[in-house]
Amino acid sequence: MSSRAPQDTGHHRLWSVDEHLADVLAAVRPLEPIELQLLDAQGCVLVEDVTVPVALPPFDNSSMDGYAVRTADVQGASEEFPAVLAVVGDVAAGSGDLPTVGPGQAARIMTGAPLPPGAEAVVPVEWTDGGTGGGAASGMTPASSAPEGAAGEVRVHRPAEARAHVRSRGSDVQAGDLALAAGTVLGPPQIALLAAIGRGTVRVRPRPRVVVLSTGSELVQPGEALAAGTIYDSNSFALAAAARDAGAIAYRVGAVADDADTLRSTIEDQLIRADLLVTTGGVSVGAYDVVKEALTTAGTGDGEEPQAGGVDFRKLAMQPGKPQGFGTVGPDHTPLLALPGNPVSSYVSFELFVRPAIRALMGLPTAQVSRPSVRAVLKADAPLGSPAGRRQFLRGKYDPEAGTVSPVGGSGSHLIAALAHADSLMVVPEDVTSVEPGTELEVIPLG
């Protein structure tokens with residue numbers, strides 16, 4: 001894709017990557033919070049502080065399968081001189097009716113079961129004969145097949161300190177503690193904590209619904225036969241997958257034909273399920289650039305500020321991805337980003353502009369909407385060239401151990417195979433035209 005044209009002025013000026021991103025983020029408002037069931041809230045951002053209503057664990061409980069004992073009864077116990085205790089019953093996880101452990105007594109106890117009254121410590125079953133009268137036990141006989149195991153005697157071969165193998169009430173969190181702060185993204189561990197403190201629902205910003213439309217009469221859906229002059233539609237798959245990866249619910253609309261009326265009506269149909277629309281293709285200056293034709297409204301030509309309900313098409317000082325469109329459409333002013341059709345251009349544009357927009361809709365703070373970048377040393381056989389006045393994004397393979405990055409494939413904006421083998425983007429600034437091997441570069445890891 002040629003990006004070496006002289007810099008435009010006036011209405012046709014080149015916009016910087018940062019200016020365009022700032023405009024996109026200024027127009028995106030976080031979605032309204034809703035109450036969701038825990039599993040439906042996965043990946044969402046919490047909008048309220050959650051405090052702990054009950055201590056975790058809510059009672060003293062055993063961390064081992066074994067016997068609940070009084071420490072005085074097992075003091076000095078050894079294999080040669082075991083402490084012999086009367087077993088007064090079983091305590092299973094979930095037990096409500098607990099036997100009291102008196103002097104010279106023990107209760108069989110399972111992991112997670114409440115510590116019975118009178119007991120001060122838990123002796124693991126491996127430190128006992130398991131009630132069999134033999135040597136050291138390797139486990140307990142199941143309660144169903146050996147009810148007599150809960151009675152009789154047990155020989156304890158080792159002493160236990162007070163509170164040994166006991167998880168104290170509130171040792172995880174205390175009632176009134178802050179469990180999760182507003183702004184937390186809910187992953188599996190956070191959902192586990194919410195469930196553990198008894199929260200069935202939680203107030204979050206929902207995952208944004210992103211509709212991806214690819215345009216082009218030459219596009220064929222994977223699985224169908226290619227005719228002369230056609231190619232498979234990869235962009236809608238790449239961008240729908242990327243939207244999902246960013247935290248959105250993605251809807252893919254494959255291959256809208258190059259007809260402005262068809263595209264307009266398709267967009268109108270999709271608005272019902274879209275918090276954000278992403279189109280790919282048809283944004284340049286060709287005779288069949290249908291997205292531009294369909295969405296350019298009076299008073300919003302190249303380089304002017306987007307007006308309410310209009311889409312602004314501009315040229316950016318970047319490679320790949322020079323032609324971009326952005327604005328709002330429909331009665332609710334749904335944000336729309338129009339990306340170039342070249343596969344690499346569209347993917348790079350997604351990373352720079354759409355992913356931050358999705359994460360802003362989720363309610364993440366500005367500092368967290370873009371991927372963090374790192375510095376790495378260029379490892380290459382020859383210098384990398386870059387057009388003057390353009391911020392170039394090249395595919396790279398980043399080695400965090402060595403702190404190096406190597407180029408993958410060429411700079412062509414159609415090279416999907418190279419993109420599939422890259423794990424990062426190397427950023428060459430606007431004022432740099434050549435990067436020598438050994439130079440430190442900004443790198444955006446895509447993991």
# chains A, B, ... in the order shown; residues from 1 in each chain; ligands from 1
call {"tool": "residues_around", "arguments": {"residues": "region 162-177 of chain A", "least_positions_apart": "4", "cutoff": "9 Å", "atoms": "only C-alpha atoms", "output": "PyMOL selection string"}}
result
chain A and resi 50-64+70-71+112+115+120-124
call {"tool": "closest_atom_pairs", "arguments": {"of": "region 37-136 of chain A", "to": "region 190-209 of chain A", "cutoff": "7 Å", "atoms": "only C-alpha atoms", "output": "CSV"}}
result
residue,atom,partner,partner_atom,distance
A:Gln37,CA,A:Thr201,CA,4.4
A:Leu38,CA,A:Thr201,CA,5.4
A:Ala41,CA,A:Val204,CA,7.0
A:Cys44,CA,A:Arg207,CA,5.8
A:Val45,CA,A:Val204,CA,5.4
A:Leu46,CA,A:Val204,CA,4.4
A:Val47,CA,A:Val204,CA,5.1
A:Glu48,CA,A:Arg203,CA,6.7
A:Val52,CA,A:Ile197,CA,6.2
A:Pro53,CA,A:Ile197,CA,6.7
A:Val54,CA,A:Ile197,CA,6.4
call {"tool": "write_last_selection", "arguments": {"atoms": "C-alpha atoms", "output": "PDB file, in the first residue's frame"}}
result
ATOM      1  CA  GLN A  37     -25.625 -13.410  37.151  1.00  0.00           C
ATOM      2  CA  LEU A  38     -22.048 -14.336  38.053  1.00  0.00           C
ATOM      3  CA  ALA A  41     -20.557 -11.170  34.274  1.00  0.00           C
ATOM      4  CA  CYS A  44     -17.089  -7.477  32.591  1.00  0.00           C
ATOM      5  CA  VAL A  45     -15.917  -4.521  34.673  1.00  0.00           C
ATOM      6  CA  LEU A  46     -17.311  -4.167  38.191  1.00  0.00           C
ATOM      7  CA  VAL A  47     -18.990  -0.795  38.850  1.00  0.00           C
ATOM      8  CA  GLU A  48     -19.294  -1.076  42.652  1.00  0.00           C
ATOM      9  CA  VAL A  52     -17.513  -9.291  52.372  1.00  0.00           C
ATOM     10  CA  PRO A  53     -20.810 -10.079  54.151  1.00  0.00           C
ATOM     11  CA  VAL A  54     -19.488 -13.176  55.954  1.00  0.00           C
TER      12      VAL A  54
END
call {"tool": "closest_residue", "arguments": {"among": "A:Thr215, A:Ser406, A:Thr100, A:Gln221", "to": "Asp259 (chain A)", "atoms": "only C-alpha atoms"}}
result
A:Thr215
call {"tool": "residues_around", "arguments": {"residues": "region 87-91 of chain A", "least_positions_apart": "6", "cutoff": "10 Å", "atoms": "only C-alpha atoms", "output": "NGL selection string"}}
result
:A and (62 or 67-69 or 97-102 or 104-116 or 131 or 143 or 147-154)
call {"tool": "write_last_selection", "arguments": {"atoms": "C-alpha atoms", "output": "compact mmCIF listing (two decimals), in the first residue's frame"}}
result
# COMPACT_ATOMS: atom_id res chain seq x y z
CA SER A 62 -9.80 -28.90 59.00
CA TYR A 67 -8.58 -36.84 63.65
CA ALA A 68 -9.66 -33.82 65.69
CA VAL A 69 -7.88 -34.04 69.06
CA ASP A 97 -24.43 -31.77 64.46
CA LEU A 98 -20.92 -32.04 65.93
CA PRO A 99 -19.68 -34.46 68.60
CA THR A 100 -17.82 -32.87 71.54
CA VAL A 101 -14.24 -34.08 71.92
CA GLY A 102 -13.51 -34.68 75.63
CA GLY A 104 -8.88 -38.97 75.86
CA GLN A 105 -11.19 -38.71 72.85
CA ALA A 106 -10.88 -37.95 69.11
CA ALA A 107 -13.30 -37.45 66.19
CA ARG A 108 -12.63 -38.57 62.62
CA ILE A 109 -12.64 -35.36 60.53
CA MET A 110 -12.59 -34.71 56.79
CA THR A 111 -10.96 -31.82 54.91
CA GLY A 112 -13.17 -28.72 55.09
CA ALA A 113 -15.27 -30.05 57.97
CA PRO A 114 -15.87 -27.79 60.99
CA LEU A 115 -13.58 -28.29 64.00
CA PRO A 116 -15.78 -29.92 66.66
CA GLY A 131 -8.30 -46.99 63.72
CA ALA A 143 -17.64 -44.17 56.10
CA PRO A 147 -19.07 -47.50 59.87
CA GLU A 148 -17.08 -49.04 62.72
CA GLY A 149 -14.17 -46.72 61.74
CA ALA A 150 -16.03 -43.86 63.42
CA ALA A 151 -16.00 -45.75 66.72
CA GLY A 152 -13.41 -47.79 68.59
CA GLU A 153 -9.87 -46.55 69.15
CA VAL A 154 -7.20 -44.75 67.18
call {"tool": "residues_around", "arguments": {"residues": "Ala248 (chain A)", "least_positions_apart": "3", "cutoff": "10 Å", "atoms": "only C-alpha atoms", "output": "ChimeraX atom specification"}}
result
/A:43-44,206-211,240-245,251,275-276,355,358-359,361-362
call {"tool": "select_by_dssp", "arguments": {"residues": "region 110-249 of chain A", "states": "helix (DSSP H, G or I)", "output": "list in words"}}
result
Val125, Glu126, Trp127, Pro147, Glu148, Gly149, Ala150, Pro188, Pro189, Gln190, Ile191, Ala192, Leu193, Leu194, Ala195, Ala196, Asn235, Ser236, Phe237, Ala238, Leu239, Ala240, Ala241, Ala242, Ala243, Arg244 and Asp245 of chain A
call {"tool": "select_by_dssp", "arguments": {"residues": "region 239-342 of chain A", "states": "strand (DSSP E or B)", "output": "VMD selection string"}}
result
chain A and resid 249 to 256 276 to 280 311 to 316 318 to 319 323 to 329 334 to 339
call {"tool": "residues_around", "arguments": {"residues": "Phe326 (chain A)", "least_positions_apart": "4", "cutoff": "6 Å", "atoms": "only C-alpha atoms", "output": "ChimeraX atom specification"}}
result
/A:311-312,336-338
call {"tool": "write_last_selection", "arguments": {"atoms": "all heavy atoms", "output": "CSV table (one decimal), in the first residue's frame"}}
result
chain,number,residue,atom,x,y,z
A,311,VAL,N,-20.0,10.4,9.5
A,311,VAL,CA,-18.8,9.6,9.5
A,311,VAL,C,-17.7,10.4,8.8
A,311,VAL,O,-18.0,10.9,7.6
A,311,VAL,CB,-18.9,8.2,8.9
A,311,VAL,CG1,-17.6,7.5,8.9
A,311,VAL,CG2,-19.9,7.4,9.7
A,312,ASP,N,-16.6,10.7,9.4
A,312,ASP,CA,-15.5,11.5,8.8
A,312,ASP,C,-14.5,10.5,8.3
A,312,ASP,O,-14.0,9.6,9.0
A,312,ASP,CB,-15.0,12.3,10.0
A,312,ASP,CG,-13.8,13.1,9.6
A,312,ASP,OD1,-13.8,13.6,8.5
A,312,ASP,OD2,-12.8,13.2,10.4
A,336,LEU,N,-19.1,4.2,14.9
A,336,LEU,CA,-18.7,3.3,13.8
A,336,LEU,C,-17.3,3.6,13.4
A,336,LEU,O,-16.9,4.8,13.3
A,336,LEU,CB,-19.6,3.6,12.6
A,336,LEU,CG,-19.3,2.7,11.3
A,336,LEU,CD1,-20.6,2.4,10.6
A,336,LEU,CD2,-18.4,3.5,10.3
A,337,LEU,N,-16.5,2.6,13.3
A,337,LEU,CA,-15.1,2.7,12.8
A,337,LEU,C,-15.0,2.0,11.5
A,337,LEU,O,-15.3,0.8,11.4
A,337,LEU,CB,-14.1,2.2,13.8
A,337,LEU,CG,-13.8,3.1,15.0
A,337,LEU,CD1,-14.5,2.5,16.2
A,337,LEU,CD2,-12.3,3.2,15.2
A,338,ALA,N,-14.6,2.8,10.4
A,338,ALA,CA,-14.4,2.2,9.1
A,338,ALA,C,-12.9,2.0,8.8
A,338,ALA,O,-12.1,2.9,8.8
A,338,ALA,CB,-15.0,3.2,8.1
call {"tool": "residues_around", "arguments": {"residues": "Thr280 (chain A)", "least_positions_apart": "2", "cutoff": "12 Å", "atoms": "only C-alpha atoms", "output": "PDB file with C-alpha atoms, in the first residue's frame"}}
result
ATOM      1  CA  VAL A 211     -20.874  -5.915  14.756  1.00  0.00           C
ATOM      2  CA  VAL A 212     -18.166  -6.517  12.143  1.00  0.00           C
ATOM      3  CA  LEU A 213     -19.098  -6.005   8.478  1.00  0.00           C
ATOM      4  CA  SER A 214     -16.723  -6.761   5.631  1.00  0.00           C
ATOM      5  CA  THR A 215     -17.464  -5.163   2.278  1.00  0.00           C
ATOM      6  CA  GLY A 216     -16.483  -6.223  -1.203  1.00  0.00           C
ATOM      7  CA  LEU A 219     -15.370 -11.760  -1.147  1.00  0.00           C
ATOM      8  CA  ASP A 233     -13.259 -13.131   3.346  1.00  0.00           C
ATOM      9  CA  SER A 234     -10.671 -13.244   6.141  1.00  0.00           C
ATOM     10  CA  ASN A 235     -11.144  -9.746   7.577  1.00  0.00           C
ATOM     11  CA  SER A 236     -14.552 -10.319   9.152  1.00  0.00           C
ATOM     12  CA  PHE A 237     -13.218 -13.449  10.874  1.00  0.00           C
ATOM     13  CA  ALA A 238     -10.015 -11.741  12.053  1.00  0.00           C
ATOM     14  CA  LEU A 239     -11.825  -8.691  13.422  1.00  0.00           C
ATOM     15  CA  ALA A 240     -14.690 -10.643  15.043  1.00  0.00           C
ATOM     16  CA  ARG A 252     -19.908 -11.155  12.094  1.00  0.00           C
ATOM     17  CA  VAL A 253     -21.695 -10.016   8.946  1.00  0.00           C
ATOM     18  CA  GLY A 254     -19.755 -11.447   6.030  1.00  0.00           C
ATOM     19  CA  ALA A 255     -19.180  -9.783   2.688  1.00  0.00           C
ATOM     20  CA  VAL A 256     -21.664  -7.023   1.943  1.00  0.00           C
ATOM     21  CA  ASP A 258     -20.181  -3.112  -3.197  1.00  0.00           C
ATOM     22  CA  LEU A 263     -24.582  -1.324   2.863  1.00  0.00           C
ATOM     23  CA  LEU A 277     -19.974  -1.036  14.349  1.00  0.00           C
ATOM     24  CA  VAL A 278     -16.764  -1.923  12.531  1.00  0.00           C
ATOM     25  CA  GLY A 282     -14.193   0.594   0.885  1.00  0.00           C
ATOM     26  CA  VAL A 283     -12.620   3.593   2.654  1.00  0.00           C
ATOM     27  CA  SER A 284      -9.981   4.728   0.168  1.00  0.00           C
ATOM     28  CA  ASP A 289     -15.111   2.481  -2.185  1.00  0.00           C
ATOM     29  CA  VAL A 290     -18.649   1.854  -1.031  1.00  0.00           C
ATOM     30  CA  VAL A 291     -18.290   2.513   2.702  1.00  0.00           C
ATOM     31  CA  LYS A 292     -17.148   6.051   1.993  1.00  0.00           C
ATOM     32  CA  GLY A 321      -3.765   1.823   7.545  1.00  0.00           C
ATOM     33  CA  PRO A 323      -7.353   5.617   5.104  1.00  0.00           C
ATOM     34  CA  GLN A 324      -9.665   5.574   8.152  1.00  0.00           C
ATOM     35  CA  GLY A 325     -13.249   6.519   8.835  1.00  0.00           C
ATOM     36  CA  PHE A 326     -14.891   7.324  12.137  1.00  0.00           C
ATOM     37  CA  LEU A 336     -18.708   3.328  13.779  1.00  0.00           C
ATOM     38  CA  LEU A 337     -15.098   2.744  12.798  1.00  0.00           C
ATOM     39  CA  ALA A 338     -14.414   2.215   9.086  1.00  0.00           C
ATOM     40  CA  LEU A 339     -11.138   0.355   8.580  1.00  0.00           C
ATOM     41  CA  PRO A 340      -9.179  -0.291   5.371  1.00  0.00           C
ATOM     42  CA  GLY A 341      -9.749  -3.532   3.471  1.00  0.00           C
ATOM     43  CA  ASN A 342      -6.187  -4.826   3.284  1.00  0.00           C
ATOM     44  CA  PRO A 343      -6.006  -7.613   5.897  1.00  0.00           C
ATOM     45  CA  VAL A 344      -2.916  -6.371   7.711  1.00  0.00           C
ATOM     46  CA  SER A 345      -4.081  -2.739   7.547  1.00  0.00           C
ATOM     47  CA  SER A 346      -7.433  -3.688   9.040  1.00  0.00           C
ATOM     48  CA  TYR A 347      -5.863  -5.758  11.817  1.00  0.00           C
ATOM     49  CA  VAL A 348      -3.314  -3.079  12.755  1.00  0.00           C
ATOM     50  CA  SER A 349      -6.108  -0.466  12.670  1.00  0.00           C
ATOM     51  CA  PHE A 350      -8.210  -2.672  14.934  1.00  0.00           C
ATOM     52  CA  VAL A 354     -11.088  -0.458  17.782  1.00  0.00           C
TER      53      VAL A 354
END
call {"tool": "residues_around", "arguments": {"residues": "region 379-395 of chain A", "least_positions_apart": "4", "cutoff": "7 Å", "atoms": "only C-alpha atoms", "output": "number ranges by chain"}}
result
A: 4, 317-320, 404-408, 411, 419, 422, 424-438
call {"tool": "write_last_selection", "arguments": {"atoms": "C-alpha atoms", "output": "tab-separated table (two decimals), in the first residue's frame"}}
result
chain	number	residue	atom	x	y	z
A	4	ARG	CA	4.54	8.07	0.21
A	317	ALA	CA	0.16	9.53	8.94
A	318	MET	CA	0.64	5.78	9.41
A	319	GLN	CA	1.53	2.68	7.43
A	320	PRO	CA	-0.29	0.37	7.02
A	404	THR	CA	14.93	-8.41	21.26
A	405	VAL	CA	12.45	-8.19	18.40
A	406	SER	CA	12.87	-9.58	14.86
A	407	PRO	CA	10.88	-8.66	11.75
A	408	VAL	CA	8.43	-11.24	10.33
A	411	SER	CA	5.89	-4.60	5.01
A	419	LEU	CA	0.73	-11.67	10.56
A	422	ALA	CA	3.99	-12.45	14.38
A	424	SER	CA	3.95	-8.10	18.19
A	425	LEU	CA	4.03	-4.84	16.26
A	426	MET	CA	7.28	-2.89	15.93
A	427	VAL	CA	6.70	0.87	15.93
A	428	VAL	CA	8.92	3.10	13.77
A	429	PRO	CA	8.33	6.81	14.57
A	430	GLU	CA	7.29	9.35	11.93
A	431	ASP	CA	10.69	11.07	11.81
A	432	VAL	CA	12.74	7.87	11.35
A	433	THR	CA	13.34	6.48	7.83
A	434	SER	CA	15.83	3.72	8.66
A	435	VAL	CA	16.31	1.55	11.74
A	436	GLU	CA	19.70	-0.12	12.10
A	437	PRO	CA	19.99	-3.57	13.73
A	438	GLY	CA	20.81	-3.11	17.43
